[in-house]
Protein chains: 2
Amino acid sequence: MKNAIYAQSGGVTQVVNSSAYGVIKKCLNSKKINEIYVGINGINGILTENFLKMSKESSIEIDKLRFTPSSAFGSCRKKITNNEELSKISDIFKKFNIGYFFYNGGNDSMDTANKIDLYLKERNQNVKVIGIPKTIDNDLVETDHTPGYGSTAKYLATSMLEASLDVRAMSKDSTKVFTMETMGRNTGWLAASTALARVNGNFGPHIILIPERLLNQEKFLSKVENSVKNNGYCSIAVSEGLKNENGEFLSELPFVDTFGNKQMGNSSLVISKIILENLKFKTHTAIPDYLQRSSRHISSYVDVREAIECGMKAVDFALDGISGKMITINRLSNTPYHSEYNTVNLSLIANGTKFLYDNFISDDGMDVTDDFIEYAEPLIEGEYPPHFDKGIPIYSHFKIK
Amino acid sequence: MKNAIYAQSGGVTQVVNSSAYGVIKKCLNSKKINEIYVGINGINGILTENFLKMSKESSIEIDKLRFTPSSAFGSCRKKITNNEELSKISDIFKKFNIGYFFYNGGNDSMDTANKIDLYLKERNQNVKVIGIPKTIDNDLVETDHTPGYGSTAKYLATSMLEASLDVRAMSKDSTKVFTMETMGRNTGWLAASTALARVNGNFGPHIILIPERLLNQEKFLSKVENSVKNNGYCSIAVSEGLKNENGEFLSELPFVDTFGNKQMGNSSLVISKIILENLKFKTHTAIPDYLQRSSRHISSYVDVREAIECGMKAVDFALDGISGKMITINRLSNTPYHSEYNTVNLSLIANGTKFLYDNFISDDGMDVTDDFIEYAEPLIEGEYPPHFDKGIPIYSHFKIK
């Protein structure tokens, strides 16, 4: 009987550990896999034989993975750049009798998995390589959506609703505009998700700025002014990857501090500055940054469940002899929401980017359509909160250093 | 039988509507009060006779106030500056047969309530004026703590825990330092509360920077470096009101943009810049801003309950003939946590500021003591989440415009 190895890579999410849980439990309960190793800090741990043996770890900690954000085993940004590394991985897989390799990540991670798969196949080394999707950005092609997106969407939409109620209350004689910066360097899926705040009320957002459309400053300011006129206030979601009409990232517009150094900005702070200078409205700006991808305390039940199932399906497919593929989620129906799992070639994922669809973007380019709401709403449904002790969530803890 | 009036003022919180719920339900169920009016946008609504009659509002919406963040009836920053306004309030109170006035806010609001109380007393107008405390900052004197603090502390500590797990996972070959900016212009209560992240684990924060201590840049950088050396990463809470060794607010250090305009900064961005320039560590920065005071989705049960009870007690005390006082919370025991309610003169609250106690601050000035944890931990205990529909919290909605 062969052993399996699992590792996590790329930016973390609220639910990547749920996929780990699916893989680990399925392997531990399988009668066809001997040991399940987990690599510390992704491919780094594999290259240095820095593993945990899951058969030796506490089943309580493994169970808590479902409720634990971030990468419990450490992540990495490392890419495979040469054949020496591939050769080393091949040797280590032989040494540890590895028959199954599960890599959990986004585009770059699928590229790594693909390289490993091709290298081993060429040398007739029998290792089944399966990619498990993970990214809050929702920008992987060939899958309806990715685990992580639903939970970040739920966090951002809830935060947008709550902050919109805040600025609504303050707007009579104080702050009139609230901006919130979302992640998504190249795509607007996350900024768009704030529109889900409107499913229970109509408090905001009033404007959504996405990387798929260049900022038209004049039309934007006019929309802000109208919102303040009509609602008393204006709530705005700003993608970190927003560009101006010259195609420059707002976050890269040069600022010079008093020491003469160029400073990198944040797109939401630039937007707030544009509003203050042109319309004289007092603004507040939130930049949730890491909070939006680690906020396991408000994850979507659908998202957690799908993340677990992606992990379980990866083991099923590998045991069926499939290799060089990533798990995909295919939506079967919206009401009630129902999905199934399939696979796609890793090579198709590695270099693709799924932009926010044109029919999800409003005509003025500063909002989403009902089609988007219909697409995104099922993905944030249900709650699956962690357990709390002394007022704070209980998260799992593996020794990774 | 006289009528009562209630209004909200100052920066909003997750639980100020819970106090509204306490006041409104108690008045509606009282056989000694005829109608309970609610002023829209605080004192602005009173001055313009812009009220809602609670007997005419849906009891379902009133019940949902317990679960709804922000000021459901609108807030204000307005202060009373002249006798004309006081005279107008006196007349409106007569016109609407007001015998009880409840004002829910922080220092400035208590100053307003105090002025109204003194003005009416001098003229023998029989209105019982009671202040209900509300501020996430926890800086009101004469009370053990204020409603709002526990919920923001729970949000900030949970966010700090989650983001610390994030940077821990990324630190092997990417981001090594995470900074999060907390509110608290003059006091460190909120920055300090992030230390509660450690009650279930030891992932961070490693450094807490508060307004009560000037930043010693050399000692600070040395502490960051040690944390990265020992833990692989460093998580830092930065109060928005942090000052450098010259006593200047970090947020006010002048930046000049390419258009030659002076820019206001954020203390956490300045801290990140200092770390990047001196230690070359990649940093990430979160600025939750409004999210930390409107995040009703993760409020503390103890905080919600006390906010409701402060509202109920205000009505009890007013019916007992007390006036010119604010409700205070007095802690009776920690294990189990138990508190009772008393009153204090409004004039004592109006001009005081409760700074983080010296025995709550570590010797190096960059952390809290066990005494602080013992004080703060009971205030974040228990969960009392809102109901969700279609993945989003259901919050109450009153027409205020």
# chains A, B, ... in the order shown; residues from 1 in each chain; ligands from 1
$ residues_around --residues "region 309-320 of chain B" --least-positions-apart "2" --cutoff "6 Å" --atoms "only C-alpha atoms" --output "number ranges by chain"
B: 19, 22-23, 26, 128, 306-307, 322
$ closest_atom_pairs --of "region 270-294 of chain B" --to "region 175-188 of chain A" --cutoff "12 Å" --atoms "only C-alpha atoms" --output "tab-separated table"
residue	atom	partner	partner_atom	distance
B:Ala286	CA	A:Glu181	CA	10.2
B:Ile287	CA	A:Met180	CA	9.8
B:Pro288	CA	A:Met180	CA	9.1
B:Asp289	CA	A:Met180	CA	9.4
B:Tyr290	CA	A:Phe178	CA	8.7
B:Leu291	CA	A:Met180	CA	9.6
$ write_last_selection --atoms "N, CA, C and O atoms" --output "tab-separated table (two decimals), in the first residue's frame"
chain	number	residue	atom	x	y	z
B	286	ALA	N	-4.19	45.93	8.10
B	286	ALA	CA	-5.66	46.02	8.07
B	286	ALA	C	-6.12	47.24	8.85
B	286	ALA	O	-5.59	47.54	9.92
B	287	ILE	N	-7.10	47.93	8.28
B	287	ILE	CA	-7.72	49.07	8.95
B	287	ILE	C	-9.22	48.81	8.99
B	287	ILE	O	-9.94	49.15	8.05
B	288	PRO	N	-9.71	48.17	10.05
B	288	PRO	CA	-11.14	47.80	10.07
B	288	PRO	C	-12.09	49.01	10.11
B	288	PRO	O	-13.22	48.91	9.66
B	289	ASP	N	-11.63	50.13	10.68
B	289	ASP	CA	-12.45	51.35	10.70
B	289	ASP	C	-13.86	51.04	11.20
B	289	ASP	O	-14.00	50.39	12.22
B	290	TYR	N	-14.89	51.47	10.49
B	290	TYR	CA	-16.29	51.28	10.93
B	290	TYR	C	-16.64	49.83	11.23
B	290	TYR	O	-17.55	49.55	12.01
B	291	LEU	N	-15.94	48.89	10.56
B	291	LEU	CA	-16.30	47.48	10.74
B	291	LEU	C	-16.22	47.08	12.21
B	291	LEU	O	-17.01	46.24	12.67
$ closest_atom_pairs --of "region 305-398 of chain A" --to "region 67-74 of chain A" --cutoff "8 Å" --atoms "only C-alpha atoms" --output "CSV"
residue,atom,partner,partner_atom,distance
A:Pro385,CA,A:Phe67,CA,7.2
A:Pro386,CA,A:Phe67,CA,5.1
A:His387,CA,A:Phe67,CA,7.9
A:Ile394,CA,A:Thr68,CA,8.0
A:Tyr395,CA,A:Thr68,CA,5.0
A:Ser396,CA,A:Thr68,CA,6.1
A:His397,CA,A:Ala72,CA,6.9
A:Phe398,CA,A:Ala72,CA,6.6
$ select_by_dssp --residues "region 18-129 of chain A" --states "helix (DSSP H, G or I)" --output "ChimeraX atom specification"
/A:18-29,43-47,54-56,59-67,83-95,107-122
$ residues_around --residues "Leu332 (chain A)" --least-positions-apart "3" --cutoff "12 Å" --atoms "only C-alpha atoms" --output "PyMOL selection string"
chain A and resi 144+329+335-341+375+378
$ residues_around --residues "region 272-276 of chain B" --least-positions-apart "2" --cutoff "12 Å" --atoms "only C-alpha atoms" --output "MDAnalysis selection string"
(chainID A and resid 257 261:265) or (chainID B and resid 175:181 215:218 220:225 228 234:238 244 250 265:270 278:286)
$ closest_residue --among "A:Ile298, A:Ile208, A:Ala195, A:Ile400" --to "Ala376 (chain A)" --atoms "only C-alpha atoms"
A:Ala195
$ closest_residue --among "A:Asn104, A:Asn351, A:Ser59, A:Ser87" --to "Asn41 (chain A)" --atoms "only C-alpha atoms"
A:Asn104
$ atom_distance --atom1 "CA of Ile136 (chain A)" --atom2 "CA of Ser295 (chain A)"
11.6 Å
$ select_by_dssp --residues "region 66-163 of chain A" --states "strand (DSSP E)" --output "PyMOL selection string"
chain A and resi 98-105+128-133
$ atom_distance --atom1 "CA of Gly150 (chain A)" --atom2 "CA of Ile380 (chain A)"
4.9 Å
$ atom_distance --atom1 "CA of Ile60 (chain A)" --atom2 "CA of Ile24 (chain A)"
12.8 Å
